[in-house]
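J.: Please read through the structure below; I'll follow up with questions.
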Number of protein chains: 2
Amino acid sequence: MPRVTIKEIARRAGVSKGAVSYALNGQPGVSDATRARVLKVAEELEWVPNRAARMLSAARSETFGLVLARTAKTLSEEPFYMGFIGGVESVLSTKGYALTIQVVPDLETEMAAYRKWSAERRVDAVIVVDLRVDDPRVPLLQKLELPALVVGDKSLAGGLTCVWTDSTTAMTEAVEHIAELGHQRIARVAGPPEHGHVWMRGQAFAAAADRLGLTGTVVHTDFSGDEGASVTRQLMTSGPDRPTAVIYDNDLMAVAGLGVIHELGLAVPDDVTIIAWDDSTLCRITHPTLSAMSHDVVEYGGRVAHHLFELLDGAEPAAHLNSTPKLQIRGSSGPPPA
Amino acid sequence: MPRVTIKEIARRAGVSKGAVSYALNGQPGVSDATRARVLKVAEELEWVPNRAARMLSAARSETFGLVLARTAKTLSEEPFYMGFIGGVESVLSTKGYALTIQVVPDLETEMAAYRKWSAERRVDAVIVVDLRVDDPRVPLLQKLELPALVVGDKSLAGGLTCVWTDSTTAMTEAVEHIAELGHQRIARVAGPPEHGHVWMRGQAFAAAADRLGLTGTVVHTDFSGDEGASVTRQLMTSGPDRPTAVIYDNDLMAVAGLGVIHELGLAVPDDVTIIAWDDSTLCRITHPTLSAMSHDVVEYGGRVAHHLFELLDGAEPAAHLNSTPKLQIRGSSGPPPA
């Protein structure tokens, strides 16, 4: 019995369809005894108000949407996304909301998903991640009037509500830590340059290296462990002037880089200092443990969900600073080789 | 312009509403020129067929559902779920499908979600995890006629399509490995006893320990790292007859257990042998690396998604054996202390 109709309830309760409608909608026009009988039958039949009918009257979907223009592998490997989604769900679960996740190959497909979700009222709001410089998703979402919260810097959010972390302050702290240890040649294993936070960290890295008189190398990747490993191999086999300290844009690449460094017969931190970014559990279970720019990613996801509910309640667009990543010094930090 | 109506398209294209309807539905009754003009206007306005209207005609939602009656923390910490969800999405993304995830406190709330999703046609099918003995979700899903795929043993699936791994064979292999190393006292840090696969592993553990003349202790947890750690502490401080080998029901508890063992000043594997379960990346980056019952969880998720699409295409219910976890011997395996 996949679809329970008012007609069926009326038949079983031995009353008219009109009486069922009054009873189920809590309206006057039926006796208490009839109302009780109708409700009992409806319950036995697992009756629930028809979603399609409710949607036509603009009810909420009680669902938020998240489109990821990354590989599905990201979900299984990237501790940031695991932590972030767990944090979002920790708030959604207290309100009976669901999170719909769609993995797409590119931004074009991501934008098509927003058009579809908006037109079909599939979600009440969306979370937009991996914000770009001049991001085409921002004007689209404004045009669609689909409530949206952007995870990224306010300078890129185009007036949409955003939750951001201060990449500039964090990267400056990371470079200063390496300079204080005495390193001269440092590298940065970065995500794709078109990502806003990658770009901002890059500006801060260059400025701090310049100010402190360090030689800085930047290599861009797709954030995957595989590319983190291959780029680390290139850097470590680049000759006598190889960098003696590496800052990674996430934990996954740092752990993969550590594996490659060990494979090459080099030691951390005696030969190379490593700094990870985000500071998931991974950083605390490697040997040596990894220094990292640390923030609470689960709490970050929870904050995002919290501000989404505020948006639905009519809050004006605003920029919310989440905690800025702080340096957590562990076993992978040391002076450069003599 | 959140909602584009036929009326608005008609106004802008300078034709009747009927003509717009014919043009958008690909029916005869309008000239090619009119059809082209209507489609162009519809595209400019980001028009998409109204979901609610389409749902009333029983179109598919292009969404699968997954309810997790675990804590949201599970999503951020448990490598099994992130690997599994990544695997599901790897197949869904090739078909433009989304996955709706809802985290709920208990089975009652999980069943309420299925009733709602079914009545409101929110999902085309659901993935049911953490199958129990005499699981009340099985008869509910049959009654709702909501297509469902159960992740769990066929003996518990009540005739629903299931994808299962052979827990009995895998656990027997784990216990035999420990016996061959020479251990006499072994422990099992298990998930909740009401979970079907936990129960089946328990039967196999008891049978193998008995056959091989080992003393076996079983402690149940909620699968979390926190409980994995506290239970390991109890076991390791239980006196001179403490177990010298521990089999964990997941990787997370094994990694947490390793940390506690090190804290207590004991060595792995010199004082204790550790076997993890699932074999995510975690097992390869700890020191020492962890022996594990290994299977490809990402591929498991992909298989589940594949069989879901088969179900939608009208496949008969069936039980599919996924790969059985195989022992992967690493640095945490060794003989008992002398």
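In the structure tokens, each chain is lettered A, B, ... as it comes, each chain's residues begin at 1, and ligands are numbered from 1 in order of appearance.
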Superimpose chain B on chain A so that the squared distances between all in-order C-alpha pairs are minimised, and send the result as an mmCIF file with C-alpha atoms, in the first residue's frame.
T.:
data_model
loop_
_atom_site.group_PDB
_atom_site.id
_atom_site.type_symbol
_atom_site.label_atom_id
_atom_site.label_comp_id
_atom_site.auth_asym_id
_atom_site.auth_seq_id
_atom_site.Cartn_x
_atom_site.Cartn_y
_atom_site.Cartn_z
ATOM 1 C CA MET B 1 0.084 -0.080 0.216
ATOM 2 C CA PRO B 2 2.532 2.490 -1.088
ATOM 3 C CA ARG B 3 0.076 5.377 -1.422
ATOM 4 C CA VAL B 4 -2.705 5.974 1.108
ATOM 5 C CA THR B 5 -5.531 8.097 -0.251
ATOM 6 C CA ILE B 6 -8.193 10.120 1.516
ATOM 7 C CA LYS B 7 -10.693 7.881 -0.262
ATOM 8 C CA GLU B 8 -9.212 4.770 1.330
ATOM 9 C CA ILE B 9 -9.228 6.328 4.801
ATOM 10 C CA ALA B 10 -12.852 7.374 4.261
ATOM 11 C CA ARG B 11 -13.804 3.859 3.199
ATOM 12 C CA ARG B 12 -12.178 2.215 6.199
ATOM 13 C CA ALA B 13 -13.478 4.779 8.698
ATOM 14 C CA GLY B 14 -16.957 4.596 7.190
ATOM 15 C CA VAL B 15 -17.231 8.371 6.678
ATOM 16 C CA SER B 16 -17.221 10.769 3.715
ATOM 17 C CA LYS B 17 -14.039 12.049 2.059
ATOM 18 C CA GLY B 18 -14.983 15.551 3.225
ATOM 19 C CA ALA B 19 -15.139 14.366 6.818
ATOM 20 C CA VAL B 20 -11.678 12.825 6.472
ATOM 21 C CA SER B 21 -10.331 16.078 5.115
ATOM 22 C CA TYR B 22 -11.846 18.105 7.977
ATOM 23 C CA ALA B 23 -10.505 15.637 10.531
ATOM 24 C CA LEU B 24 -6.965 15.464 9.145
ATOM 25 C CA ASN B 25 -6.670 19.215 8.706
ATOM 26 C CA GLY B 26 -7.909 19.946 12.238
ATOM 27 C CA GLN B 27 -10.911 21.886 10.949
ATOM 28 C CA PRO B 28 -14.372 21.994 12.528
ATOM 29 C CA GLY B 29 -17.224 20.143 10.838
ATOM 30 C CA VAL B 30 -16.845 16.656 12.290
ATOM 31 C CA SER B 31 -17.593 15.218 15.736
ATOM 32 C CA ASP B 32 -14.777 14.370 18.126
ATOM 33 C CA ALA B 33 -15.621 10.678 17.785
ATOM 34 C CA THR B 34 -15.371 10.822 13.983
ATOM 35 C CA ARG B 35 -12.127 12.789 14.185
ATOM 36 C CA ALA B 36 -10.652 10.188 16.541
ATOM 37 C CA ARG B 37 -11.743 7.312 14.278
ATOM 38 C CA VAL B 38 -10.273 8.976 11.178
ATOM 39 C CA LEU B 39 -6.966 9.718 12.895
ATOM 40 C CA LYS B 40 -6.739 6.129 14.131
ATOM 41 C CA VAL B 41 -7.320 4.735 10.628
ATOM 42 C CA ALA B 42 -4.836 7.225 9.156
ATOM 43 C CA GLU B 43 -2.229 6.120 11.652
ATOM 44 C CA GLU B 44 -2.841 2.432 10.986
ATOM 45 C CA LEU B 45 -2.384 3.057 7.282
ATOM 46 C CA GLU B 46 0.861 5.015 7.843
ATOM 47 C CA TRP B 47 -0.744 8.059 6.244
ATOM 48 C CA VAL B 48 1.422 11.152 5.868
ATOM 49 C CA PRO B 49 0.323 14.351 4.105
ATOM 50 C CA ASN B 50 1.280 14.006 0.468
ATOM 51 C CA ARG B 51 4.529 15.789 -0.137
ATOM 52 C CA ALA B 52 3.723 16.888 -3.630
ATOM 53 C CA ALA B 53 0.468 18.416 -2.492
ATOM 54 C CA ARG B 54 2.204 20.078 0.426
ATOM 55 C CA MET B 55 4.962 21.388 -1.804
ATOM 56 C CA LEU B 56 2.443 23.094 -4.007
ATOM 57 C CA SER B 57 1.463 25.024 -0.915
ATOM 58 C CA ALA B 58 5.110 25.968 -0.432
ATOM 59 C CA ALA B 59 5.887 23.892 2.643
ATOM 60 C CA ARG B 60 9.538 23.522 3.521
ATOM 61 C CA SER B 61 11.505 20.508 2.363
ATOM 62 C CA GLU B 62 13.363 20.240 5.691
ATOM 63 C CA THR B 63 16.481 19.536 3.678
ATOM 64 C CA PHE B 64 19.633 21.510 2.994
ATOM 65 C CA GLY B 65 21.756 20.902 -0.079
ATOM 66 C CA LEU B 66 25.496 20.586 -0.587
ATOM 67 C CA VAL B 67 27.021 20.169 -4.034
ATOM 68 C CA LEU B 68 30.656 19.157 -4.245
ATOM 69 C CA ALA B 69 32.523 19.820 -7.477
ATOM 70 C CA ARG B 70 35.283 17.468 -6.385
ATOM 71 C CA THR B 71 35.823 13.772 -6.913
ATOM 72 C CA ALA B 72 33.762 11.325 -4.847
ATOM 73 C CA LYS B 73 37.132 10.137 -3.545
ATOM 74 C CA THR B 74 37.346 13.439 -1.662
ATOM 75 C CA LEU B 75 34.523 12.275 0.573
ATOM 76 C CA SER B 76 36.316 9.094 1.528
ATOM 77 C CA GLU B 77 39.755 10.636 1.951
ATOM 78 C CA GLU B 78 39.545 14.295 2.896
ATOM 79 C CA PRO B 79 39.159 14.682 6.655
ATOM 80 C CA PHE B 80 37.955 18.271 6.186
ATOM 81 C CA TYR B 81 34.783 17.257 4.370
ATOM 82 C CA MET B 82 33.859 14.425 6.677
ATOM 83 C CA GLY B 83 34.444 16.616 9.723
ATOM 84 C CA PHE B 84 32.499 19.442 8.164
ATOM 85 C CA ILE B 85 29.561 17.233 7.109
ATOM 86 C CA GLY B 86 29.533 15.599 10.553
ATOM 87 C CA GLY B 87 29.341 19.067 12.096
ATOM 88 C CA VAL B 88 26.497 20.144 9.811
ATOM 89 C CA GLU B 89 24.569 16.949 10.618
ATOM 90 C CA SER B 90 25.120 17.440 14.352
ATOM 91 C CA VAL B 91 22.896 20.530 14.165
ATOM 92 C CA LEU B 92 20.500 19.237 11.485
ATOM 93 C CA SER B 93 19.807 16.083 13.501
ATOM 94 C CA THR B 94 18.446 18.164 16.382
ATOM 95 C CA LYS B 95 15.864 19.705 14.023
ATOM 96 C CA GLY B 96 14.896 16.644 11.984
ATOM 97 C CA TYR B 97 16.553 18.087 8.884
ATOM 98 C CA ALA B 98 18.389 16.056 6.239
ATOM 99 C CA LEU B 99 21.376 16.991 4.080
ATOM 100 C CA THR B 100 21.331 16.160 0.373
ATOM 101 C CA ILE B 101 24.797 15.763 -1.104
ATOM 102 C CA GLN B 102 25.486 15.667 -4.816
ATOM 103 C CA VAL B 103 28.939 15.131 -6.298
ATOM 104 C CA VAL B 104 29.426 16.755 -9.697
ATOM 105 C CA PRO B 105 32.341 16.978 -12.143
ATOM 106 C CA ASP B 106 32.456 20.776 -12.524
ATOM 107 C CA LEU B 107 30.946 24.163 -11.655
ATOM 108 C CA GLU B 108 28.595 24.090 -14.669
ATOM 109 C CA THR B 109 26.969 20.908 -13.383
ATOM 110 C CA GLU B 110 26.926 22.348 -9.874
ATOM 111 C CA MET B 111 24.997 25.370 -11.119
ATOM 112 C CA ALA B 112 22.576 23.110 -13.002
ATOM 113 C CA ALA B 113 21.917 21.317 -9.697
ATOM 114 C CA TYR B 114 21.073 24.632 -7.996
ATOM 115 C CA ARG B 115 18.663 25.542 -10.812
ATOM 116 C CA LYS B 116 16.953 22.190 -10.486
ATOM 117 C CA TRP B 117 16.807 22.205 -6.683
ATOM 118 C CA SER B 118 15.426 25.724 -6.698
ATOM 119 C CA ALA B 119 12.775 25.093 -9.341
ATOM 120 C CA GLU B 120 11.733 21.813 -7.780
ATOM 121 C CA ARG B 121 11.906 23.170 -4.198
ATOM 122 C CA ARG B 122 14.052 20.247 -3.252
ATOM 123 C CA VAL B 123 16.029 22.087 -0.573
ATOM 124 C CA ASP B 124 15.330 25.008 1.750
ATOM 125 C CA ALA B 125 18.863 26.352 1.398
ATOM 126 C CA VAL B 126 22.292 25.399 0.116
ATOM 127 C CA ILE B 127 25.816 25.424 1.483
ATOM 128 C CA VAL B 128 28.344 26.616 -1.102
ATOM 129 C CA VAL B 129 31.938 25.484 -0.670
ATOM 130 C CA ASP B 130 35.274 25.924 -2.453
ATOM 131 C CA LEU B 131 34.491 29.552 -3.227
ATOM 132 C CA ARG B 132 36.352 30.923 -6.257
ATOM 133 C CA VAL B 133 37.576 34.366 -7.184
ATOM 134 C CA ASP B 134 34.699 35.949 -9.220
ATOM 135 C CA ASP B 135 32.588 32.908 -8.443
ATOM 136 C CA PRO B 136 29.724 32.507 -10.971
ATOM 137 C CA ARG B 137 27.648 30.662 -8.352
ATOM 138 C CA VAL B 138 27.174 33.832 -6.312
ATOM 139 C CA PRO B 139 25.160 35.796 -8.930
ATOM 140 C CA LEU B 140 23.242 32.641 -9.913
ATOM 141 C CA LEU B 141 22.105 31.996 -6.346
ATOM 142 C CA GLN B 142 21.112 35.635 -5.965
ATOM 143 C CA LYS B 143 19.100 35.430 -9.172
ATOM 144 C CA LEU B 144 17.423 32.191 -8.084
ATOM 145 C CA GLU B 145 16.691 33.677 -4.650
ATOM 146 C CA LEU B 146 17.693 30.322 -3.216
ATOM 147 C CA PRO B 147 18.851 30.879 0.381
ATOM 148 C CA ALA B 148 22.574 30.196 0.420
ATOM 149 C CA LEU B 149 25.435 30.279 2.818
ATOM 150 C CA VAL B 150 28.908 30.555 1.416
ATOM 151 C CA VAL B 151 31.846 28.934 3.156
ATOM 152 C CA GLY B 152 34.590 31.367 2.321
ATOM 153 C CA ASP B 153 36.023 34.825 2.637
ATOM 154 C CA LYS B 154 33.606 37.734 2.848
ATOM 155 C CA SER B 155 35.511 39.597 0.115
ATOM 156 C CA LEU B 156 34.422 36.874 -2.326
ATOM 157 C CA ALA B 157 30.884 36.242 -1.071
ATOM 158 C CA GLY B 158 29.233 39.030 -3.049
ATOM 159 C CA GLY B 159 26.946 39.965 -0.187
ATOM 160 C CA LEU B 160 25.677 36.435 0.473
ATOM 161 C CA THR B 161 25.836 35.225 4.049
ATOM 162 C CA CYS B 162 29.246 33.690 4.618
ATOM 163 C CA VAL B 163 31.227 31.952 7.291
ATOM 164 C CA TRP B 164 34.958 32.454 6.889
ATOM 165 C CA THR B 165 38.264 31.800 8.561
ATOM 166 C CA ASP B 166 41.121 34.267 8.467
ATOM 167 C CA SER B 167 43.541 32.574 6.016
ATOM 168 C CA THR B 168 45.877 35.545 5.919
ATOM 169 C CA THR B 169 46.570 35.617 9.648
ATOM 170 C CA ALA B 170 46.929 31.836 9.794
ATOM 171 C CA MET B 171 49.376 31.563 6.870
ATOM 172 C CA THR B 172 51.457 34.445 8.237
ATOM 173 C CA GLU B 173 51.744 32.589 11.557
ATOM 174 C CA ALA B 174 52.841 29.381 9.776
ATOM 175 C CA VAL B 175 55.591 31.147 7.791
ATOM 176 C CA GLU B 176 56.815 33.022 10.878
ATOM 177 C CA HIS B 177 57.093 29.719 12.783
ATOM 178 C CA ILE B 178 59.293 28.267 10.031
ATOM 179 C CA ALA B 179 61.471 31.393 9.879
ATOM 180 C CA GLU B 180 61.960 31.297 13.653
ATOM 181 C CA LEU B 181 63.193 27.697 13.383
ATOM 182 C CA GLY B 182 65.920 29.039 11.077
ATOM 183 C CA HIS B 183 64.761 27.753 7.675
ATOM 184 C CA GLN B 184 65.723 29.697 4.524
ATOM 185 C CA ARG B 185 64.019 27.713 1.737
ATOM 186 C CA ILE B 186 60.370 26.893 2.185
ATOM 187 C CA ALA B 187 57.725 25.382 -0.062
ATOM 188 C CA ARG B 188 53.977 25.495 -0.139
ATOM 189 C CA VAL B 189 51.967 22.546 -1.489
ATOM 190 C CA ALA B 190 48.743 24.319 -2.359
ATOM 191 C CA GLY B 191 45.284 23.452 -3.649
ATOM 192 C CA PRO B 192 43.968 24.716 -6.994
ATOM 193 C CA PRO B 193 44.814 28.421 -7.499
ATOM 194 C CA GLU B 194 41.234 29.339 -8.477
ATOM 195 C CA HIS B 195 39.949 28.507 -4.985
ATOM 196 C CA GLY B 196 39.531 31.686 -2.995
ATOM 197 C CA HIS B 197 41.117 30.495 0.236
ATOM 198 C CA VAL B 198 44.053 28.979 -1.664
ATOM 199 C CA TRP B 199 44.582 32.302 -3.407
ATOM 200 C CA MET B 200 44.421 34.259 -0.140
ATOM 201 C CA ARG B 201 46.857 31.918 1.582
ATOM 202 C CA GLY B 202 49.145 32.346 -1.433
ATOM 203 C CA GLN B 203 49.132 36.136 -1.093
ATOM 204 C CA ALA B 204 49.946 35.836 2.620
ATOM 205 C CA PHE B 205 52.673 33.229 1.987
ATOM 206 C CA ALA B 206 54.398 35.426 -0.585
ATOM 207 C CA ALA B 207 54.166 38.539 1.581
ATOM 208 C CA ALA B 208 55.497 36.834 4.719
ATOM 209 C CA ALA B 209 58.334 35.036 2.882
ATOM 210 C CA ASP B 210 59.362 38.299 1.262
ATOM 211 C CA ARG B 211 59.284 40.232 4.535
ATOM 212 C CA LEU B 212 61.306 37.538 6.338
ATOM 213 C CA GLY B 213 63.844 37.091 3.517
ATOM 214 C CA LEU B 214 62.910 33.463 2.731
ATOM 215 C CA THR B 215 62.953 31.746 -0.669
ATOM 216 C CA GLY B 216 59.436 30.466 -1.257
ATOM 217 C CA THR B 217 58.290 27.879 -3.822
ATOM 218 C CA VAL B 218 54.610 27.215 -4.525
ATOM 219 C CA VAL B 219 53.243 24.107 -6.272
ATOM 220 C CA HIS B 220 49.514 23.699 -6.958
ATOM 221 C CA THR B 221 47.642 20.396 -6.719
ATOM 222 C CA ASP B 222 44.055 19.134 -6.726
ATOM 223 C CA PHE B 223 44.147 18.638 -2.895
ATOM 224 C CA SER B 224 44.436 14.843 -3.284
ATOM 225 C CA GLY B 225 46.814 12.596 -1.395
ATOM 226 C CA ASP B 226 48.166 11.324 -4.717
ATOM 227 C CA GLU B 227 49.184 14.774 -5.937
ATOM 228 C CA GLY B 228 50.453 15.704 -2.463
ATOM 229 C CA ALA B 229 52.778 12.703 -2.672
ATOM 230 C CA SER B 230 54.023 13.302 -6.222
ATOM 231 C CA VAL B 231 54.659 17.003 -5.635
ATOM 232 C CA THR B 232 56.565 16.234 -2.432
ATOM 233 C CA ARG B 233 58.732 13.787 -4.382
ATOM 234 C CA GLN B 234 59.545 16.483 -6.959
ATOM 235 C CA LEU B 235 60.409 19.007 -4.249
ATOM 236 C CA MET B 236 62.588 16.621 -2.231
ATOM 237 C CA THR B 237 64.554 15.405 -5.257
ATOM 238 C CA SER B 238 65.079 18.860 -6.762
ATOM 239 C CA GLY B 239 68.759 19.050 -5.809
ATOM 240 C CA PRO B 240 70.877 20.593 -3.052
ATOM 241 C CA ASP B 241 68.709 23.709 -2.902
ATOM 242 C CA ARG B 242 65.578 21.742 -2.088
ATOM 243 C CA PRO B 243 63.243 23.305 0.496
ATOM 244 C CA THR B 244 63.788 22.317 4.132
ATOM 245 C CA ALA B 245 60.250 23.100 5.242
ATOM 246 C CA VAL B 246 56.878 22.467 3.580
ATOM 247 C CA ILE B 247 53.448 23.928 4.381
ATOM 248 C CA TYR B 248 50.568 21.821 3.017
ATOM 249 C CA ASP B 249 47.074 23.110 2.269
ATOM 250 C CA ASN B 250 45.413 20.134 3.993
ATOM 251 C CA ASP B 251 46.174 17.175 6.259
ATOM 252 C CA LEU B 252 45.766 14.546 3.591
ATOM 253 C CA MET B 253 48.596 15.911 1.447
ATOM 254 C CA ALA B 254 50.816 16.373 4.525
ATOM 255 C CA VAL B 255 50.371 12.729 5.561
ATOM 256 C CA ALA B 256 51.019 11.559 1.989
ATOM 257 C CA GLY B 257 54.076 13.845 1.847
ATOM 258 C CA LEU B 258 55.409 12.392 5.095
ATOM 259 C CA GLY B 259 55.191 8.895 3.596
ATOM 260 C CA VAL B 260 57.193 9.964 0.515
ATOM 261 C CA ILE B 261 59.846 11.708 2.607
ATOM 262 C CA HIS B 262 60.331 8.533 4.654
ATOM 263 C CA GLU B 263 60.492 6.467 1.455
ATOM 264 C CA LEU B 264 63.261 8.712 0.131
ATOM 265 C CA GLY B 265 65.300 7.960 3.265
ATOM 266 C CA LEU B 266 64.889 11.478 4.674
ATOM 267 C CA ALA B 267 63.834 12.182 8.266
ATOM 268 C CA VAL B 268 61.146 14.483 9.675
ATOM 269 C CA PRO B 269 61.975 16.914 11.228
ATOM 270 C CA ASP B 270 65.768 16.378 10.928
ATOM 271 C CA ASP B 271 65.814 16.862 7.146
ATOM 272 C CA VAL B 272 62.422 18.484 6.534
ATOM 273 C CA THR B 273 59.875 20.324 8.658
ATOM 274 C CA ILE B 274 56.215 19.680 7.785
ATOM 275 C CA ILE B 275 53.168 21.794 8.610
ATOM 276 C CA ALA B 276 49.671 20.410 7.869
ATOM 277 C CA TRP B 277 46.420 22.375 7.605
ATOM 278 C CA ASP B 278 43.079 21.778 9.423
ATOM 279 C CA ASP B 279 44.464 19.404 12.082
ATOM 280 C CA SER B 280 42.270 16.308 11.923
ATOM 281 C CA THR B 281 43.017 13.134 13.880
ATOM 282 C CA LEU B 282 45.500 12.162 11.165
ATOM 283 C CA CYS B 283 47.999 14.715 12.471
ATOM 284 C CA ARG B 284 48.084 13.105 15.897
ATOM 285 C CA ILE B 285 48.568 9.469 14.876
ATOM 286 C CA THR B 286 51.468 9.730 12.424
ATOM 287 C CA HIS B 287 55.060 9.265 13.529
ATOM 288 C CA PRO B 288 56.250 11.880 14.125
ATOM 289 C CA THR B 289 53.041 13.737 14.901
ATOM 290 C CA LEU B 290 52.399 16.668 12.560
ATOM 291 C CA SER B 291 52.472 20.364 13.362
ATOM 292 C CA ALA B 292 49.335 21.917 11.892
ATOM 293 C CA MET B 293 47.297 25.049 11.479
ATOM 294 C CA SER B 294 44.504 23.866 13.717
ATOM 295 C CA HIS B 295 40.820 24.663 13.840
ATOM 296 C CA ASP B 296 37.735 22.733 14.879
ATOM 297 C CA VAL B 297 36.262 21.649 11.544
ATOM 298 C CA VAL B 298 33.307 19.828 13.142
ATOM 299 C CA GLU B 299 32.354 22.983 14.989
ATOM 300 C CA TYR B 300 32.797 24.941 11.741
ATOM 301 C CA GLY B 301 30.171 22.719 10.092
ATOM 302 C CA GLY B 302 27.871 23.183 13.075
ATOM 303 C CA ARG B 303 28.201 26.970 12.858
ATOM 304 C CA VAL B 304 27.323 26.872 9.179
ATOM 305 C CA ALA B 305 24.153 24.862 9.881
ATOM 306 C CA HIS B 306 23.241 27.233 12.700
ATOM 307 C CA HIS B 307 23.501 30.275 10.423
ATOM 308 C CA LEU B 308 21.452 28.487 7.741
ATOM 309 C CA PHE B 309 18.559 28.141 10.167
ATOM 310 C CA GLU B 310 18.944 31.834 11.014
ATOM 311 C CA LEU B 311 18.681 32.627 7.301
ATOM 312 C CA LEU B 312 15.439 30.641 7.046
ATOM 313 C CA ASP B 313 14.163 32.590 10.025
ATOM 314 C CA GLY B 314 14.683 35.799 8.088
ATOM 315 C CA ALA B 315 18.143 36.929 9.216
ATOM 316 C CA GLU B 316 19.785 39.573 7.033
ATOM 317 C CA PRO B 317 22.875 38.442 5.037
ATOM 318 C CA ALA B 318 25.996 38.762 7.166
ATOM 319 C CA ALA B 319 29.655 37.725 7.312
ATOM 320 C CA HIS B 320 30.539 35.541 10.285
ATOM 321 C CA LEU B 321 34.177 35.009 11.240
ATOM 322 C CA ASN B 322 34.697 31.456 12.438
ATOM 323 C CA SER B 323 37.803 30.746 14.516
ATOM 324 C CA THR B 324 41.103 31.466 12.776
ATOM 325 C CA PRO B 325 43.397 28.415 12.515
ATOM 326 C CA LYS B 326 46.116 28.513 15.183
ATOM 327 C CA LEU B 327 49.522 26.902 14.998
ATOM 328 C CA GLN B 328 49.754 23.613 16.876
ATOM 329 C CA ILE B 329 53.429 22.689 17.182
ATOM 330 C CA ARG B 330 54.183 18.939 17.184
ATOM 331 C CA GLY B 331 56.950 16.491 16.315
ATOM 332 C CA SER B 332 57.326 17.500 12.667
ATOM 333 C CA SER B 333 58.764 20.965 13.487
ATOM 334 C CA GLY B 334 62.501 21.402 13.840
ATOM 335 C CA PRO B 335 65.502 23.461 12.736
ATOM 336 C CA PRO B 336 66.874 22.938 9.208
ATOM 337 C CA PRO B 337 69.692 20.385 8.653
ATOM 338 C CA ALA B 338 73.129 21.822 9.468
#
J.: Would you list, as a ChimeraX atom specification, the residues of range 252-325 of chain A that end up in helix (DSSP H, G or I) under DSSP run on this structure's backbone?
T.: /A:252-263,282-285,297-312
J.: Can you spit out the residues from that selection as a PDB file, in the first residue's frame, using C-alpha atoms?
T.:
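Heads up, here's the output in result31.pdb:
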ATOM      1  CA  LEU A 252      45.756  14.543   3.596  1.00  0.00           C
ATOM      2  CA  MET A 253      48.620  15.890   1.453  1.00  0.00           C
ATOM      3  CA  ALA A 254      50.812  16.353   4.535  1.00  0.00           C
ATOM      4  CA  VAL A 255      50.356  12.711   5.586  1.00  0.00           C
ATOM      5  CA  ALA A 256      51.013  11.544   2.011  1.00  0.00           C
ATOM      6  CA  GLY A 257      54.071  13.821   1.872  1.00  0.00           C
ATOM      7  CA  LEU A 258      55.383  12.361   5.140  1.00  0.00           C
ATOM      8  CA  GLY A 259      55.170   8.872   3.620  1.00  0.00           C
ATOM      9  CA  VAL A 260      57.164   9.929   0.548  1.00  0.00           C
ATOM     10  CA  ILE A 261      59.824  11.679   2.663  1.00  0.00           C
ATOM     11  CA  HIS A 262      60.306   8.496   4.707  1.00  0.00           C
ATOM     12  CA  GLU A 263      60.459   6.428   1.505  1.00  0.00           C
ATOM     13  CA  LEU A 282      45.460  12.174  11.191  1.00  0.00           C
ATOM     14  CA  CYS A 283      47.988  14.730  12.489  1.00  0.00           C
ATOM     15  CA  ARG A 284      48.042  13.134  15.926  1.00  0.00           C
ATOM     16  CA  ILE A 285      48.503   9.493  14.918  1.00  0.00           C
ATOM     17  CA  VAL A 297      36.260  21.704  11.539  1.00  0.00           C
ATOM     18  CA  VAL A 298      33.306  19.875  13.132  1.00  0.00           C
ATOM     19  CA  GLU A 299      32.350  23.058  14.971  1.00  0.00           C
ATOM     20  CA  TYR A 300      32.794  25.002  11.700  1.00  0.00           C
ATOM     21  CA  GLY A 301      30.168  22.774  10.051  1.00  0.00           C
ATOM     22  CA  GLY A 302      27.873  23.240  13.028  1.00  0.00           C
ATOM     23  CA  ARG A 303      28.216  27.028  12.809  1.00  0.00           C
ATOM     24  CA  VAL A 304      27.342  26.922   9.114  1.00  0.00           C
ATOM     25  CA  ALA A 305      24.166  24.921   9.818  1.00  0.00           C
ATOM     26  CA  HIS A 306      23.246  27.302  12.633  1.00  0.00           C
ATOM     27  CA  HIS A 307      23.526  30.338  10.345  1.00  0.00           C
ATOM     28  CA  LEU A 308      21.471  28.551   7.663  1.00  0.00           C
ATOM     29  CA  PHE A 309      18.570  28.222  10.086  1.00  0.00           C
ATOM     30  CA  GLU A 310      18.964  31.918  10.928  1.00  0.00           C
ATOM     31  CA  LEU A 311      18.707  32.707   7.211  1.00  0.00           C
ATOM     32  CA  LEU A 312      15.460  30.731   6.947  1.00  0.00           C
TER      33      LEU A 312
END
